[in-house]
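K.L.:
My questions all concern the structure below.
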Amino acid sequence: MYWNDDTNKKAGYTVPDDVVDIAFRIACPTLPLDHAHSLSSALLQVLPWLEEEAYAGIHLIHGAASGNGWFRPEDTENELLHLSKRTRMRLRVPRERLQDVQALSGQSLDIEGHPLEVGKSEVSLLSSLPTLFSRYVITREELDETQFLQAVAGQLEALDIPCRKMLGGITHMMKFPDGALFTRSLMVADLEPEQSVRLQQVGLGEGRTIGCGLFLPHKGITPVKGPEDK
């Protein structure tokens with residue numbers, strides 16, 4: 001954990017609309033647990049410009065981590081992710097690309113043999129909340145949490161974002177045809193509104209089209225598995 005209480009809050013900030021999130025209703029009963037490669041590949045076939053847009057990103061799809069006695073499976077080889085009707089597929093795009101990405105509605109994507117029917121969409125501005133959470137930040141497996149946070153602090157400082165409070169979390173190995181990527185979840189707290197929006201816009205590190213380095217708002221800096229899609 002990294003903690004620094006020196007802060008000076010600013011008021012009156014208006015969230016810009018130059019980068020937005022778009023959430024699609026989907027009809028998709030099941031998906032592979034590790035679907036970063038297959039989801040990214042399917043979307044890039046339809047929207048190849050996603051890879052070229054600096055502020056574009058693909059959020060991986062998540063159901064509930066736990067609830068009513070049910071826990072999200074972790075065996076990527078033998079278990080599937082079961083999705084509810086409330087689950088959404090979310091993309092982060094520059095506003096000028098909204099019309100292009102909204103063309104996904106009505107299409108069907110093949111995610112490793114799992115059909116994903118794309119429905120209507122809703123657009124939302126990024127959040128100005130002071131705490132952000134990323135499920136997957138690409139890092140090196142040999143780094144412990146302290147070393148990981150030190151590396152993150154340097155990246156944030158390069159974005160002119162002071163490092164006040166950070167918390168490293170769950171590690172995860174993503175599998176790809178050309179090898180695996182090691183990731184760790186990250187919570188960054190006590191951000192000014194403009195800093196929060198900037199971090200959501202630019203992300204952290206590589207892998208935006210495979211769900212890495214993308215941040216979502218969270219209510220506080222408490223250990224969690226991640227904010228759930230609803």
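Following the order of the structure tokens, first chain is A, next is B, and so on, with residues numbered from 1 inside each chain and ligands from 1 in the order they appear.
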Contacts of stretch 167-184 of chain A at 6 Å or less, counting only C-alpha atoms, minus same-chain residues fewer than 4 places along, as a list in words?

P.N.:
Met1, Tyr136, Val137, Ile138, Thr139, Glu141 and Glu145 of chain A

K.L.:
Please produce a file of the residues just selected, as an mmCIF file, in the first residue's frame, where the atoms kept are C-alpha atoms.

P.N.:
```cif
data_model
loop_
_atom_site.group_PDB
_atom_site.id
_atom_site.type_symbol
_atom_site.label_atom_id
_atom_site.label_comp_id
_atom_site.auth_asym_id
_atom_site.auth_seq_id
_atom_site.Cartn_x
_atom_site.Cartn_y
_atom_site.Cartn_z
ATOM 1 C CA MET A 1 0.000 0.000 0.000
ATOM 2 C CA TYR A 136 -5.658 -5.601 -14.921
ATOM 3 C CA VAL A 137 -2.436 -3.586 -15.121
ATOM 4 C CA ILE A 138 0.340 -5.308 -17.057
ATOM 5 C CA THR A 139 3.440 -5.796 -14.928
ATOM 6 C CA GLU A 141 5.743 -11.427 -12.396
ATOM 7 C CA GLU A 145 3.470 -5.321 -4.543
#
```

K.L.:
If DSSP is run on the backbone, what residues of stretch 18-153 of chain A are alpha helix (DSSP H)? A reply as number ranges by chain would be ideal.

P.N.:
A: 36-46, 98-102, 145-153

K.L.:
Would you put the residues from that selection into a file with C-alpha atoms, as a compact mmCIF listing (two decimals), in the first residue's frame?

P.N.:
```
# COMPACT_ATOMS: atom_id res chain seq x y z
CA ALA A 36 -9.30 -11.13 -23.39
CA HIS A 37 -7.81 -12.40 -26.65
CA SER A 38 -11.03 -13.73 -28.18
CA LEU A 39 -13.16 -10.68 -27.31
CA SER A 40 -10.48 -8.27 -28.51
CA SER A 41 -10.00 -10.20 -31.76
CA ALA A 42 -13.75 -10.30 -32.47
CA LEU A 43 -14.20 -6.57 -31.85
CA LEU A 44 -11.10 -5.59 -33.83
CA GLN A 45 -12.41 -7.51 -36.82
CA VAL A 46 -15.50 -5.30 -36.83
CA LEU A 98 -19.52 7.10 -31.14
CA GLN A 99 -21.45 6.63 -34.37
CA ASP A 100 -18.90 4.09 -35.56
CA VAL A 101 -19.04 2.02 -32.38
CA GLN A 102 -22.82 2.19 -32.09
CA GLU A 145 3.47 -5.32 -4.54
CA THR A 146 5.87 -2.65 -3.27
CA GLN A 147 7.97 -2.76 -6.43
CA PHE A 148 4.82 -2.73 -8.55
CA LEU A 149 3.53 0.39 -6.77
CA GLN A 150 6.89 2.12 -7.16
CA ALA A 151 6.75 1.50 -10.90
CA VAL A 152 3.16 2.76 -11.04
CA ALA A 153 4.11 5.89 -9.09
```

K.L.:
Could you give me, as a PyMOL selection string, the residues within 9 Å of stretch 16-26 of chain A, counting only C-alpha atoms and dropping anything in the same chain fewer than 2 positions from it?

P.N.:
chain A and resi 14+28+55-56+85-96+98+101-102+104-105+116-126+197+200-201

K.L.:
So, counting only C-alpha atoms, which residue among A:Arg140, A:Pro115, A:Leu129, A:Gly106 is closest to A:Pro193?

P.N.:
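Smallest distance to A:Pro193 is found for A:Leu129.
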
K.L.:
Please compute the atom CA of A:Glu53-atom CA of A:Glu157 distance, one decimal, in Å.

P.N.:
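Going from atom CA of A:Glu53 over to atom CA of A:Glu157 covers 23.1 Å.
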
K.L.:
Between atom CA of A:Gly205 and atom CA of A:Leu81, what is the spacing in Å?

P.N.:
26.5 Å

K.L.:
Which residues are near A:Arg135? Cut-off 12 Å, only C-alpha atoms, ignore same chain within fewer than 4 positions. Put them as a PyMOL selection string.

P.N.:
chain A and resi 59-62+167-174+182-188+203-204+208+210-218+223-228

K.L.:
A:Ala27, A:Leu47, A:Leu191, A:Met166: which is nearest A:Ser127, counting only C-alpha atoms?

P.N.:
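Ranking A:Ala27, A:Leu47, A:Leu191, A:Met166 by distance to A:Ser127, first place goes to A:Leu191.
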
K.L.:
Skipping near chain neighbours, those fewer than 5 positions away, what residues fall within 7 Å of A:Leu83 using only C-alpha atoms, listed as a list in words?

P.N.:
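Skipping anything fewer than 5 positions along the chain leaves Cys28, Pro29, Thr30 and Gly63 of chain A.
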
K.L.:
In Å to one decimal, how far is atom CA of A:Thr131 from atom CA of A:Leu156?

P.N.:
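If I compute the distance from atom CA of A:Leu156 to atom CA of A:Thr131, I get 14.2 Å.
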